[in-house]
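What follows is structure.txt (compact mmCIF, C-alpha atoms and all ligand atoms).
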```txt
# COMPACT_ATOMS: atom_id res chain seq x y z
CA MET A 894 174.29 20.16 41.05
CA VAL A 895 176.76 21.94 38.77
CA PRO A 896 179.92 23.35 40.37
CA PHE A 897 180.75 26.99 39.70
CA PHE A 898 184.43 28.00 39.69
CA SER A 899 185.04 31.68 40.48
CA ALA A 900 188.36 33.22 39.40
CA ARG A 901 189.78 32.34 42.82
CA ASP A 902 188.54 28.73 42.52
CA VAL A 903 190.12 28.33 39.06
CA ALA A 904 193.45 29.60 40.44
CA ALA A 905 193.20 27.22 43.43
CA ALA A 906 192.36 24.25 41.20
CA VAL A 907 194.94 24.79 38.43
CA PRO A 908 198.42 26.07 39.31
CA PRO A 909 200.44 27.50 36.38
CA GLU A 910 202.66 24.41 36.06
CA VAL A 911 199.55 22.19 35.70
CA ALA A 912 198.12 24.63 33.13
CA TYR A 913 201.41 24.49 31.19
CA THR A 914 201.31 20.69 30.83
CA ALA A 915 197.56 20.60 30.13
CA VAL A 916 197.82 23.24 27.40
CA ARG A 917 200.86 21.58 25.79
CA ASP A 918 198.97 18.27 25.70
CA ALA A 919 195.94 20.05 24.21
CA PHE A 920 198.03 21.47 21.33
CA VAL A 921 199.27 17.94 20.62
CA ALA A 922 195.78 16.35 20.84
CA HIS A 923 194.43 19.03 18.50
CA THR A 924 197.24 18.48 16.00
CA ARG A 925 196.55 14.73 16.08
CA GLY A 926 192.87 15.44 15.35
CA GLU A 927 191.77 13.95 18.69
CA TRP A 928 190.49 17.30 19.98
CA THR A 929 188.52 19.54 17.63
CA MET A 930 187.24 23.11 17.57
CA GLN A 931 185.79 25.70 15.23
CA PRO A 932 187.53 29.05 14.74
CA LYS A 933 186.23 31.55 17.27
CA LEU A 934 183.23 33.61 16.21
CA TYR A 935 183.56 37.36 16.84
CA VAL A 936 180.49 39.41 17.74
CA THR A 937 181.78 42.95 17.38
CA ASN A 938 180.58 46.11 19.04
CA TYR A 939 183.49 48.38 18.13
CA PRO A 940 184.88 50.68 19.30
CA ALA A 941 183.70 49.46 22.71
CA GLY A 942 184.93 45.89 22.22
CA ASP A 943 184.00 42.43 21.03
CA PHE A 944 182.52 39.14 22.25
CA ARG A 945 183.88 35.75 21.18
CA ALA A 946 182.07 32.39 21.13
CA MET A 947 184.62 29.56 21.33
CA PRO A 948 183.53 25.88 21.16
CA ALA A 949 185.73 22.77 21.48
CA LEU A 950 185.38 19.01 21.87
CA GLY A 951 187.87 16.57 23.39
CA ALA A 952 188.55 13.89 26.02
CA GLY A 953 184.84 13.20 26.51
CA HIS A 954 183.91 16.84 27.12
CA ALA A 955 182.52 19.74 25.11
CA LEU A 956 183.15 23.39 25.95
CA LEU A 957 181.82 26.79 25.08
CA LYS A 958 183.60 29.96 26.18
CA TRP A 959 181.72 33.25 25.87
CA VAL A 960 184.38 35.88 26.43
CA THR A 961 185.09 39.52 25.72
CA SER A 962 187.88 41.93 24.88
CA PHE A 963 186.88 45.49 25.86
CA PRO A 964 190.12 47.55 25.82
CA GLY A 965 188.58 50.64 27.43
CA ASN A 966 187.34 48.72 30.46
CA PRO A 967 190.39 49.23 32.74
CA ALA A 968 189.69 52.98 32.70
CA LEU A 969 186.23 52.12 34.07
CA GLY A 970 187.70 49.84 36.72
CA LEU A 971 186.51 46.77 34.80
CA PRO A 972 188.55 43.88 33.35
CA THR A 973 189.37 43.81 29.60
CA VAL A 974 188.51 40.09 29.42
CA THR A 975 185.43 38.61 31.10
CA GLY A 976 182.72 35.99 30.56
CA LEU A 977 181.86 32.36 31.29
CA VAL A 978 183.00 28.88 30.33
CA VAL A 979 180.51 26.00 30.19
CA LEU A 980 181.98 22.49 30.33
CA SER A 981 179.63 19.66 29.30
CA ASN A 982 179.74 15.89 29.14
CA ALA A 983 180.19 14.98 25.47
CA ASP A 984 178.20 11.73 25.77
CA THR A 985 175.11 13.02 27.57
CA GLY A 986 175.27 16.75 26.88
CA MET A 987 174.89 17.44 30.60
CA VAL A 988 176.58 20.54 32.01
CA GLU A 989 179.48 19.47 34.25
CA ALA A 990 180.92 22.82 35.38
CA ILE A 991 180.65 26.58 34.89
CA LEU A 992 183.83 28.61 35.24
CA ASP A 993 184.94 32.24 35.24
CA ALA A 994 186.32 32.85 31.73
CA GLY A 995 188.85 35.54 32.62
CA SER A 996 190.88 33.27 34.88
CA VAL A 997 190.69 30.28 32.51
CA THR A 998 191.84 32.57 29.69
CA ALA A 999 194.73 34.01 31.68
CA LEU A 1000 196.04 30.59 32.73
CA ARG A 1001 195.99 29.14 29.23
CA THR A 1002 197.33 32.34 27.63
CA GLY A 1003 200.27 32.47 30.03
CA ALA A 1004 200.89 28.78 29.39
CA ALA A 1005 200.86 29.14 25.58
CA ALA A 1006 203.23 32.14 25.68
CA VAL A 1007 205.79 30.25 27.75
CA ILE A 1008 205.41 26.91 25.91
CA ALA A 1009 206.20 28.76 22.65
CA ALA A 1010 209.16 30.55 24.27
CA ASP A 1011 210.52 27.24 25.66
CA VAL A 1012 210.08 25.34 22.38
CA LEU A 1013 211.09 28.05 19.90
CA GLY A 1014 213.54 30.17 21.90
CA ARG A 1015 217.28 29.55 21.86
CA PRO A 1016 218.24 26.73 24.25
CA ASP A 1017 220.81 29.09 25.82
CA ALA A 1018 218.34 31.98 26.21
CA LYS A 1019 219.20 33.92 29.35
CA THR A 1020 216.76 36.79 29.70
CA ALA A 1021 212.96 36.76 29.62
CA ALA A 1022 210.60 39.72 29.69
CA VAL A 1023 206.87 40.35 29.58
CA ILE A 1024 205.56 43.66 28.22
CA GLY A 1025 202.05 44.46 29.45
CA ALA A 1026 201.46 43.60 33.11
CA GLY A 1027 197.69 43.32 32.95
CA VAL A 1028 195.71 40.18 33.73
CA ASN A 1029 197.15 38.08 30.91
CA GLY A 1030 200.67 39.52 31.03
CA LYS A 1031 200.81 38.73 34.74
CA ALA A 1032 199.76 35.15 33.95
CA ALA A 1033 202.60 34.83 31.42
CA ALA A 1034 205.11 36.17 33.95
CA GLN A 1035 203.74 33.82 36.60
CA THR A 1036 204.14 30.87 34.23
CA PHE A 1037 207.80 31.81 33.56
CA VAL A 1038 208.36 31.98 37.34
CA SER A 1039 206.65 28.60 37.86
CA ARG A 1040 209.10 27.15 35.33
CA GLY A 1041 212.01 28.45 37.39
CA ARG A 1042 212.94 31.24 34.98
CA SER A 1043 213.56 34.79 36.16
CA VAL A 1044 211.54 37.35 34.25
CA SER A 1045 211.44 41.11 34.04
CA ILE A 1046 208.21 43.01 33.58
CA TRP A 1047 207.46 46.23 31.75
CA ASP A 1048 204.25 48.19 31.52
CA ARG A 1049 203.60 51.77 30.54
CA ASP A 1050 201.83 51.89 33.90
CA ARG A 1051 204.97 51.70 36.06
CA ALA A 1052 203.02 51.19 39.29
CA ARG A 1053 201.28 48.14 37.80
CA ALA A 1054 204.59 46.66 36.62
CA ALA A 1055 206.07 47.20 40.09
CA ALA A 1056 203.06 45.65 41.85
CA VAL A 1057 203.03 42.56 39.63
CA ALA A 1058 206.81 42.13 39.89
CA ALA A 1059 206.63 42.37 43.69
CA GLU A 1060 203.77 39.86 43.87
CA LEU A 1061 205.57 37.32 41.67
CA GLY A 1062 209.08 37.85 43.01
CA ALA A 1063 210.10 39.14 39.55
CA GLU A 1064 211.95 42.30 38.48
CA VAL A 1065 210.77 45.47 36.83
CA ALA A 1066 212.68 45.92 33.57
CA ALA A 1067 215.14 48.81 33.57
CA GLY A 1068 213.21 50.39 30.69
CA HIS A 1069 211.11 49.77 27.60
CA GLU A 1070 214.17 49.16 25.38
CA GLU A 1071 215.74 46.72 27.86
CA ALA A 1072 212.50 44.72 28.00
CA LEU A 1073 212.26 44.64 24.20
CA ALA A 1074 215.79 43.23 24.00
CA ALA A 1075 215.10 40.09 26.10
CA ASP A 1076 216.08 36.74 24.55
CA LEU A 1077 212.54 35.51 25.27
CA LEU A 1078 209.96 38.28 24.94
CA VAL A 1079 206.22 38.03 25.56
CA THR A 1080 204.00 40.94 24.53
CA VAL A 1081 200.52 41.20 26.06
CA THR A 1082 199.36 44.76 25.38
CA PRO A 1083 195.97 45.78 23.92
CA GLY A 1084 197.56 45.90 20.43
CA ARG A 1085 196.55 49.45 19.67
CA GLU A 1086 200.12 50.50 18.93
CA ILE A 1087 203.19 48.85 17.43
CA LEU A 1088 205.76 47.82 20.06
CA LEU A 1089 208.19 46.14 17.66
CA ARG A 1090 209.13 48.36 14.74
CA GLU A 1091 210.99 47.35 11.60
CA SER A 1092 214.53 46.08 12.41
CA SER A 1093 213.92 46.21 16.16
CA LEU A 1094 214.48 42.48 16.83
CA SER A 1095 217.97 41.01 17.29
CA SER A 1096 219.17 37.78 15.77
CA GLY A 1097 218.27 34.77 17.90
CA GLN A 1098 215.42 36.49 19.70
CA HIS A 1099 212.03 34.86 20.31
CA VAL A 1100 208.78 36.78 20.72
CA SER A 1101 205.41 35.37 21.80
CA LEU A 1102 202.92 37.91 20.46
CA MET A 1103 199.84 37.47 22.64
CA GLY A 1104 198.09 40.86 22.67
CA ALA A 1105 196.82 41.20 19.09
CA ASP A 1106 194.01 38.66 19.15
CA GLY A 1107 191.34 40.44 17.16
CA PRO A 1108 190.80 42.38 13.94
CA GLY A 1109 192.77 45.62 13.61
CA LYS A 1110 195.15 44.93 16.50
CA ALA A 1111 198.95 44.70 16.09
CA GLU A 1112 202.04 44.69 18.31
CA ILE A 1113 204.64 44.24 15.53
CA ALA A 1114 205.33 45.89 12.16
CA ILE A 1115 204.54 43.84 9.05
CA ALA A 1116 208.13 44.25 7.80
CA GLU A 1117 209.40 42.68 11.02
CA ILE A 1118 207.07 39.69 10.61
CA ALA A 1119 208.35 39.26 7.04
CA ARG A 1120 211.98 38.85 8.15
CA ALA A 1121 211.24 36.35 10.95
CA HIS A 1122 210.54 32.62 11.21
CA VAL A 1123 206.82 32.63 11.99
CA PHE A 1124 204.69 30.25 14.08
CA CYS A 1125 201.09 30.48 15.21
CA ASP A 1126 198.62 28.61 17.38
CA GLU A 1127 196.16 27.95 14.54
CA TRP A 1128 196.36 29.30 11.01
CA GLU A 1129 192.64 30.04 10.38
CA GLN A 1130 192.33 32.16 13.50
CA ALA A 1131 195.77 33.79 13.30
CA SER A 1132 195.44 34.73 9.63
CA HIS A 1133 192.00 36.28 10.08
CA GLY A 1134 191.88 37.80 13.55
CA GLY A 1135 195.45 37.82 14.78
CA GLU A 1136 198.77 39.55 14.49
CA LEU A 1137 199.37 37.87 11.11
CA ALA A 1138 196.13 39.13 9.52
CA ALA A 1139 197.58 42.42 8.28
CA ALA A 1140 200.75 40.74 6.98
CA VAL A 1141 198.64 38.17 5.09
CA ALA A 1142 196.40 40.91 3.65
CA ALA A 1143 199.50 42.85 2.55
CA GLY A 1144 200.92 39.74 0.82
CA ALA A 1145 204.00 39.77 3.09
CA ILE A 1146 203.43 36.15 4.23
CA ASP A 1147 201.14 33.27 3.38
CA ARG A 1148 200.24 29.82 4.67
CA GLU A 1149 203.50 28.13 3.64
CA ASP A 1150 205.54 30.64 5.68
CA VAL A 1151 203.80 29.82 8.97
CA THR A 1152 204.08 26.69 11.16
CA GLN A 1153 201.51 25.75 13.79
CA LEU A 1154 203.00 25.23 17.25
CA GLY A 1155 201.30 21.83 17.68
CA ALA A 1156 203.17 20.46 14.66
CA VAL A 1157 206.46 21.44 16.30
CA LEU A 1158 205.42 19.92 19.65
CA LEU A 1159 204.47 16.71 17.85
CA GLY A 1160 207.78 16.60 15.93
CA GLU A 1161 205.99 16.95 12.57
CA ALA A 1162 207.61 20.28 11.70
CA PRO A 1163 210.90 21.92 12.59
CA GLY A 1164 211.00 24.72 15.13
CA ARG A 1165 214.02 27.03 15.36
CA ARG A 1166 216.39 26.36 12.43
CA ALA A 1167 219.48 28.16 13.63
CA ARG A 1168 220.91 30.06 16.55
CA ASP A 1169 220.36 33.39 14.80
CA ASP A 1170 216.77 32.65 13.72
CA ILE A 1171 214.28 35.25 14.91
CA THR A 1172 211.20 33.27 15.94
CA LEU A 1173 207.73 34.76 16.34
CA PHE A 1174 204.69 33.02 17.81
CA ASP A 1175 201.32 34.60 17.06
CA SER A 1176 198.56 33.60 19.46
CA THR A 1177 194.90 34.40 19.14
CA GLY A 1178 193.96 31.86 21.82
CA LEU A 1179 192.29 28.52 21.09
CA ALA A 1180 189.18 26.94 22.60
CA ILE A 1181 191.14 23.68 23.01
CA GLN A 1182 193.44 25.53 25.46
CA ASP A 1183 190.37 26.56 27.47
CA LEU A 1184 189.10 22.98 27.36
CA ALA A 1185 192.41 21.80 28.85
CA ILE A 1186 192.09 24.21 31.79
CA ALA A 1187 188.37 23.52 32.35
CA ILE A 1188 188.97 19.75 32.46
CA ALA A 1189 191.90 20.19 34.88
CA ALA A 1190 189.77 22.41 37.15
CA SER A 1191 186.71 20.16 36.96
CA ALA A 1192 188.80 17.14 38.00
CA ARG A 1193 189.43 18.88 41.33
CA ALA A 1194 185.84 20.00 41.98
CA ASP A 1195 185.37 17.63 44.93
CA GLU A 1196 188.47 18.98 46.72
CA LEU A 1197 187.23 22.58 46.73
CA ASP A 1198 184.44 24.33 48.57
CA LEU A 1199 182.54 25.45 45.46
CA VAL A 1200 179.17 27.08 44.93
CA ARG A 1201 176.90 24.47 43.32
CA ILE A 1202 174.06 25.48 41.06
CA ASP A 1203 170.84 23.52 40.57
CA LEU A 1204 170.12 24.12 36.88
N1 LIG A 1301 196.29 35.56 22.59
C1 LIG A 1301 195.47 35.24 23.55
O1 LIG A 1301 195.20 34.06 23.77
C2 LIG A 1301 194.89 36.31 24.43
C3 LIG A 1301 194.23 35.95 25.59
C4 LIG A 1301 193.74 36.95 26.43
C5 LIG A 1301 193.90 38.29 26.10
N2 LIG A 1301 194.51 38.61 24.94
C6 LIG A 1301 194.68 40.02 24.55
O2 LIG A 1301 195.77 40.51 25.29
C7 LIG A 1301 195.61 41.92 25.47
C8 LIG A 1301 195.80 42.26 26.94
O3 LIG A 1301 194.76 41.64 27.69
P1 LIG A 1301 194.69 41.83 29.29
O4 LIG A 1301 193.44 41.17 29.75
O5 LIG A 1301 195.98 41.43 29.91
O6 LIG A 1301 194.53 43.41 29.35
P2 LIG A 1301 194.78 44.42 30.57
O7 LIG A 1301 194.00 45.64 30.25
O8 LIG A 1301 194.54 43.70 31.87
O9 LIG A 1301 196.34 44.73 30.47
C9 LIG A 1301 196.95 45.40 29.40
C10 LIG A 1301 198.21 46.05 29.96
O10 LIG A 1301 199.00 46.55 28.87
C11 LIG A 1301 199.55 47.79 29.29
N3 LIG A 1301 199.93 48.53 28.08
C12 LIG A 1301 199.13 49.09 27.16
N4 LIG A 1301 199.86 49.61 26.16
C13 LIG A 1301 201.17 49.37 26.48
C14 LIG A 1301 202.40 49.69 25.85
N5 LIG A 1301 202.45 50.33 24.67
N6 LIG A 1301 203.56 49.29 26.44
C15 LIG A 1301 203.53 48.66 27.65
N7 LIG A 1301 202.37 48.33 28.29
C16 LIG A 1301 201.22 48.69 27.71
C17 LIG A 1301 198.44 48.43 30.11
O11 LIG A 1301 198.94 49.46 30.95
C18 LIG A 1301 197.92 47.22 30.89
O12 LIG A 1301 198.61 47.02 32.11
C19 LIG A 1301 194.22 42.24 24.91
O13 LIG A 1301 194.35 42.74 23.60
C20 LIG A 1301 193.51 40.92 24.89
O14 LIG A 1301 192.48 40.87 23.93
C21 LIG A 1301 195.02 37.65 24.11
```
Please lay out the structure from this file as structure tokens.
Amino acid sequence: MVPFFSARDVAAAVPPEVAYTAVRDAFVAHTRGEWTMQPKLYVTNYPAGDFRAMPALGAGHALLKWVTSFPGNPALGLPTVTGLVVLSNADTGMVEAILDAGSVTALRTGAAAVIAADVLGRPDAKTAAVIGAGVNGKAAAQTFVSRGRSVSIWDRDRARAAAVAAELGAEVAAGHEEALAADLLVTVTPGREILLRESSLSSGQHVSLMGADGPGKAEIAIAEIARAHVFCDEWEQASHGGELAAAVAAGAIDREDVTQLGAVLLGEAPGRRARDDITLFDSTGLAIQDLAIAIAASARADELDLVRIDL
């Protein structure tokens, strides 16, 4: 019988602090070549949205995530990100667990945003903010809170920002400009408009750019990328479907200008070089991050009252 983890079950099985450690370890295992994955495959149905097929292999398991990004869905009362994760045994091929993809995605996206902020931000960073208080922005804010850091939240939908802040015991930012000025900034908007214009970032700031995870999306101006110290989760994905894609196409940056986060975590590459460095982390989201969450959830299957499916 195969356990099925609903969104609520995933949240019960994997608290944000567990997700943080699991995702950090996954970046390291991937950089060491112990965990492998192919770049995500986009199946596009624009302008409605796109589907992504994301496979990974590691720690005796294989995973496939079939997940969407449909930016118009909230207006229909539907989530932007939805789908399923299948976790299999890598030795027998047997399915071990099926999980809700939206909650797995949110946990690992929040974790990656905060890992990058912790590793690349200034050690004396005081303020943290999340712009975009949707499903994945809330997860990033929740991860900051779980790490003991106070965070302010901004969303163009003020009621949503207020509701998320109240739920997490966080603050609503005083305004858009105040949120943008945080020492550690995480952006998780649909990426249909530029949040960070040329010259908008201050010296020493860190930004985890999480929202632009598909072709044509952007949260930051190319000129602002060009004057920053740039990191990404994985070059192939980030340079083709992420925030960096337009900057690469415009010739503003290339491979040598960008460091993968795993190399910094492993001590193979430097992170922040100086106090006044502006650091950017571009995330498109990796299947190895999902694998980390699915394994962590699956390990707790026997402790939870889960629906079990006879395949
Ligand atoms: N990098 C990754 O790993 C990763 C993972 C999951 C989702 N995403 C991407 O993140 C984005 C958000 O996903 P979600 O599921 O949280 O979406 P969502 O629809 O739940 O939330 C988006 C939020 O952004 C707000 N918003 C939109 N434009 C804004 C603006 N200009 N300023 C402030 N707030 C604004 C909306 O009001 C909404 O609350 C999507 O583009 C999605 O594809 C990336």
List as JSON lines every residue of chain A that is in contact with ligand LIG 1301 (chain A), defined as an atom at most 8 Å from one of its atoms (using all atoms listed in the file), together with the nearest atom pair and the distance in Å rounded to one decimal, sorted by chain and then rising number.
```
{"residue": "A:Thr961", "atom": "CA", "partner": "A:LIG1301", "partner_atom": "O14", "distance": 7.7}
{"residue": "A:Ser962", "atom": "CA", "partner": "A:LIG1301", "partner_atom": "O14", "distance": 4.8}
{"residue": "A:Phe963", "atom": "CA", "partner": "A:LIG1301", "partner_atom": "O14", "distance": 7.5}
{"residue": "A:Pro964", "atom": "CA", "partner": "A:LIG1301", "partner_atom": "O7", "distance": 6.2}
{"residue": "A:Gly965", "atom": "CA", "partner": "A:LIG1301", "partner_atom": "O7", "distance": 7.9}
{"residue": "A:Asn966", "atom": "CA", "partner": "A:LIG1301", "partner_atom": "O7", "distance": 7.3}
{"residue": "A:Pro967", "atom": "CA", "partner": "A:LIG1301", "partner_atom": "O7", "distance": 5.7}
{"residue": "A:Pro972", "atom": "CA", "partner": "A:LIG1301", "partner_atom": "O8", "distance": 6.2}
{"residue": "A:Thr973", "atom": "CA", "partner": "A:LIG1301", "partner_atom": "O4", "distance": 4.9}
{"residue": "A:Val974", "atom": "CA", "partner": "A:LIG1301", "partner_atom": "O4", "distance": 5.1}
{"residue": "A:Gly995", "atom": "CA", "partner": "A:LIG1301", "partner_atom": "O4", "distance": 7.8}
{"residue": "A:Thr998", "atom": "CA", "partner": "A:LIG1301", "partner_atom": "C4", "distance": 5.8}
{"residue": "A:Ala999", "atom": "CA", "partner": "A:LIG1301", "partner_atom": "C4", "distance": 6.1}
{"residue": "A:Arg1001", "atom": "CA", "partner": "A:LIG1301", "partner_atom": "O1", "distance": 7.4}
{"residue": "A:Thr1002", "atom": "CA", "partner": "A:LIG1301", "partner_atom": "O1", "distance": 4.7}
{"residue": "A:Ala1005", "atom": "CA", "partner": "A:LIG1301", "partner_atom": "O1", "distance": 7.7}
{"residue": "A:Ile1024", "atom": "CA", "partner": "A:LIG1301", "partner_atom": "C15", "distance": 5.4}
{"residue": "A:Gly1025", "atom": "CA", "partner": "A:LIG1301", "partner_atom": "O10", "distance": 3.7}
{"residue": "A:Ala1026", "atom": "CA", "partner": "A:LIG1301", "partner_atom": "O12", "distance": 4.6}
{"residue": "A:Gly1027", "atom": "CA", "partner": "A:LIG1301", "partner_atom": "O9", "distance": 3.2}
{"residue": "A:Val1028", "atom": "CA", "partner": "A:LIG1301", "partner_atom": "O5", "distance": 4.0}
{"residue": "A:Asn1029", "atom": "CA", "partner": "A:LIG1301", "partner_atom": "O5", "distance": 3.7}
{"residue": "A:Gly1030", "atom": "CA", "partner": "A:LIG1301", "partner_atom": "O5", "distance": 5.2}
{"residue": "A:Lys1031", "atom": "CA", "partner": "A:LIG1301", "partner_atom": "O5", "distance": 7.3}
{"residue": "A:Trp1047", "atom": "CA", "partner": "A:LIG1301", "partner_atom": "C15", "distance": 6.2}
{"residue": "A:Asp1048", "atom": "CA", "partner": "A:LIG1301", "partner_atom": "N7", "distance": 3.7}
{"residue": "A:Arg1049", "atom": "CA", "partner": "A:LIG1301", "partner_atom": "C15", "distance": 4.2}
{"residue": "A:Asp1050", "atom": "CA", "partner": "A:LIG1301", "partner_atom": "O11", "distance": 4.8}
{"residue": "A:Arg1053", "atom": "CA", "partner": "A:LIG1301", "partner_atom": "O12", "distance": 6.4}
{"residue": "A:Ala1054", "atom": "CA", "partner": "A:LIG1301", "partner_atom": "O12", "distance": 7.5}
{"residue": "A:His1069", "atom": "CA", "partner": "A:LIG1301", "partner_atom": "N6", "distance": 7.7}
{"residue": "A:Val1081", "atom": "CA", "partner": "A:LIG1301", "partner_atom": "O2", "distance": 4.9}
{"residue": "A:Thr1082", "atom": "CA", "partner": "A:LIG1301", "partner_atom": "O10", "distance": 3.9}
{"residue": "A:Pro1083", "atom": "CA", "partner": "A:LIG1301", "partner_atom": "O13", "distance": 3.5}
{"residue": "A:Gly1084", "atom": "CA", "partner": "A:LIG1301", "partner_atom": "O13", "distance": 5.5}
{"residue": "A:Arg1085", "atom": "CA", "partner": "A:LIG1301", "partner_atom": "N4", "distance": 7.3}
{"residue": "A:Glu1086", "atom": "CA", "partner": "A:LIG1301", "partner_atom": "N5", "distance": 6.2}
{"residue": "A:Ile1087", "atom": "CA", "partner": "A:LIG1301", "partner_atom": "N5", "distance": 7.4}
{"residue": "A:Leu1088", "atom": "CA", "partner": "A:LIG1301", "partner_atom": "N5", "distance": 6.2}
{"residue": "A:Leu1102", "atom": "CA", "partner": "A:LIG1301", "partner_atom": "N1", "distance": 7.3}
{"residue": "A:Met1103", "atom": "CA", "partner": "A:LIG1301", "partner_atom": "N1", "distance": 4.0}
{"residue": "A:Gly1104", "atom": "CA", "partner": "A:LIG1301", "partner_atom": "O2", "distance": 3.5}
{"residue": "A:Ala1105", "atom": "CA", "partner": "A:LIG1301", "partner_atom": "O13", "distance": 5.4}
{"residue": "A:Asp1106", "atom": "CA", "partner": "A:LIG1301", "partner_atom": "C21", "distance": 5.2}
{"residue": "A:Gly1107", "atom": "CA", "partner": "A:LIG1301", "partner_atom": "O14", "distance": 6.9}
{"residue": "A:Lys1110", "atom": "CA", "partner": "A:LIG1301", "partner_atom": "O13", "distance": 7.5}
{"residue": "A:Asp1175", "atom": "CA", "partner": "A:LIG1301", "partner_atom": "N1", "distance": 7.5}
{"residue": "A:Ser1176", "atom": "CA", "partner": "A:LIG1301", "partner_atom": "N1", "distance": 4.3}
{"residue": "A:Thr1177", "atom": "CA", "partner": "A:LIG1301", "partner_atom": "N1", "distance": 3.9}
{"residue": "A:Gly1178", "atom": "CA", "partner": "A:LIG1301", "partner_atom": "O1", "distance": 3.2}
{"residue": "A:Leu1179", "atom": "CA", "partner": "A:LIG1301", "partner_atom": "O1", "distance": 6.8}
```
- Item | Given only C-alpha atoms as the counted atoms, nearest of A:Gln1182, A:Val1141, A:Ala1063, A:Gln1130 to Arg917 (chain A) |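 Smallest distance to Arg917 (chain A) is found for A:Gln1182.
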- Note on the structure: Of A:Pro1108, A:Val911, A:Ala1187, A:Arg1166, the one sitting nearest Tyr939 (chain A) when using all atoms listed in the file is A:Pro1108
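Compared by their closest atoms to Gly1160 (chain A), and using all atoms listed in the file, the residues A:Leu992, A:Ala1180, A:Val921, A:Ala1114 rank with A:Val921 nearest.
Those residues that approach Arg1168 (chain A) to within 10 Å, counting all atoms listed in the file, are Gly1014, Arg1015, Pro1016, Asp1017, Ser1096, Gly1097 and Gln1098 of chain A; same-chain residues fewer than 4 positions away are not listed.
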I need the chosen residues saved as an mmCIF file, keeping the file's coordinate frame, with C-alpha atoms.
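Dumped to again_21.cif:
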```cif
data_model
loop_
_atom_site.group_PDB
_atom_site.id
_atom_site.type_symbol
_atom_site.label_atom_id
_atom_site.label_comp_id
_atom_site.auth_asym_id
_atom_site.auth_seq_id
_atom_site.Cartn_x
_atom_site.Cartn_y
_atom_site.Cartn_z
ATOM 1 C CA GLY A 1014 213.540 30.170 21.900
ATOM 2 C CA ARG A 1015 217.280 29.550 21.860
ATOM 3 C CA PRO A 1016 218.240 26.730 24.250
ATOM 4 C CA ASP A 1017 220.810 29.090 25.820
ATOM 5 C CA SER A 1096 219.170 37.780 15.770
ATOM 6 C CA GLY A 1097 218.270 34.770 17.900
ATOM 7 C CA GLN A 1098 215.420 36.490 19.700
#
```
- Between CA of Asp1183 (chain A) and CA of His923 (chain A), measure the distance and give it in Å to one decimal.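 Computed distance, CA of Asp1183 (chain A) to CA of His923 (chain A), equals 12.4 Å.
With all atoms listed in the file taken into account, every residue lying no more than 10 Å from the file point (168.9, 19.4, 41.7) is included here: Met894, Val895, Arg1201, Ile1202, Asp1203 and Leu1204 of chain A.
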- Query: Between CA of Glu1071 (chain A) and CA of Gly1041 (chain A), what is the distance, to one decimal in Å?
  - Reply: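 These atoms are spaced 20.9 Å apart.
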- For CA of Leu969 (chain A) and CA of Val1079 (chain A), quote the distance in Å rounded to one decimal.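 According to the coordinates, CA of Leu969 (chain A) and CA of Val1079 (chain A) are separated by 25.9 Å.
Shortest atom-to-atom contact with Val978 (chain A) among A:Ala1034, A:Leu1184, A:Val1157, A:Val936: A:Leu1184, counting all atoms listed in the file.
The smallest atom-to-atom distance between Ala1032 (chain A) and any of A:Ala949, A:Leu1073, A:Ala1055, A:Ile1046, using only C-alpha atoms, is found for A:Ile1046.
If you measure from each of A:Ser1101, A:Ser1045, A:Ser1039, A:Ser899 to Ala1190 (chain A) using all atoms listed in the file, the closest one turns out to be A:Ser899.
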- Message: Show me, as an NGL selection string, the residues that have an atom within 7 Å of Leu1173 (chain A) when counting only C-alpha atoms, minus same-chain residues fewer than 5 positions from it.
- Response: :A and (1099-1101 or 1121-1124)
- Message: List the spatial neighbours of Leu1154 (chain A) as a list in words - criterion: any atom at most 9 Å away, all atoms listed in the file, same-chain residues fewer than 6 positions off excluded.
- Response: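 The filter keeps Phe920, Val921, Thr924, Ala1009, Val1012, Leu1013, Phe1124, Cys1125, Asp1126, Glu1127, Ala1162, Gly1164 and Phe1174 of chain A.
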- Determine, counting only C-alpha atoms, which protein, DNA and RNA residues have an atom within 8 Å of an atom of Ala1140 (chain A); residues of the same chain fewer than 4 positions away are not included. Present the result as a list in words.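 Counting only the stated atoms, we get Ile1115, Ile1118, Ala1119, Glu1136, Gly1144, Ala1145 and Ile1146 of chain A.
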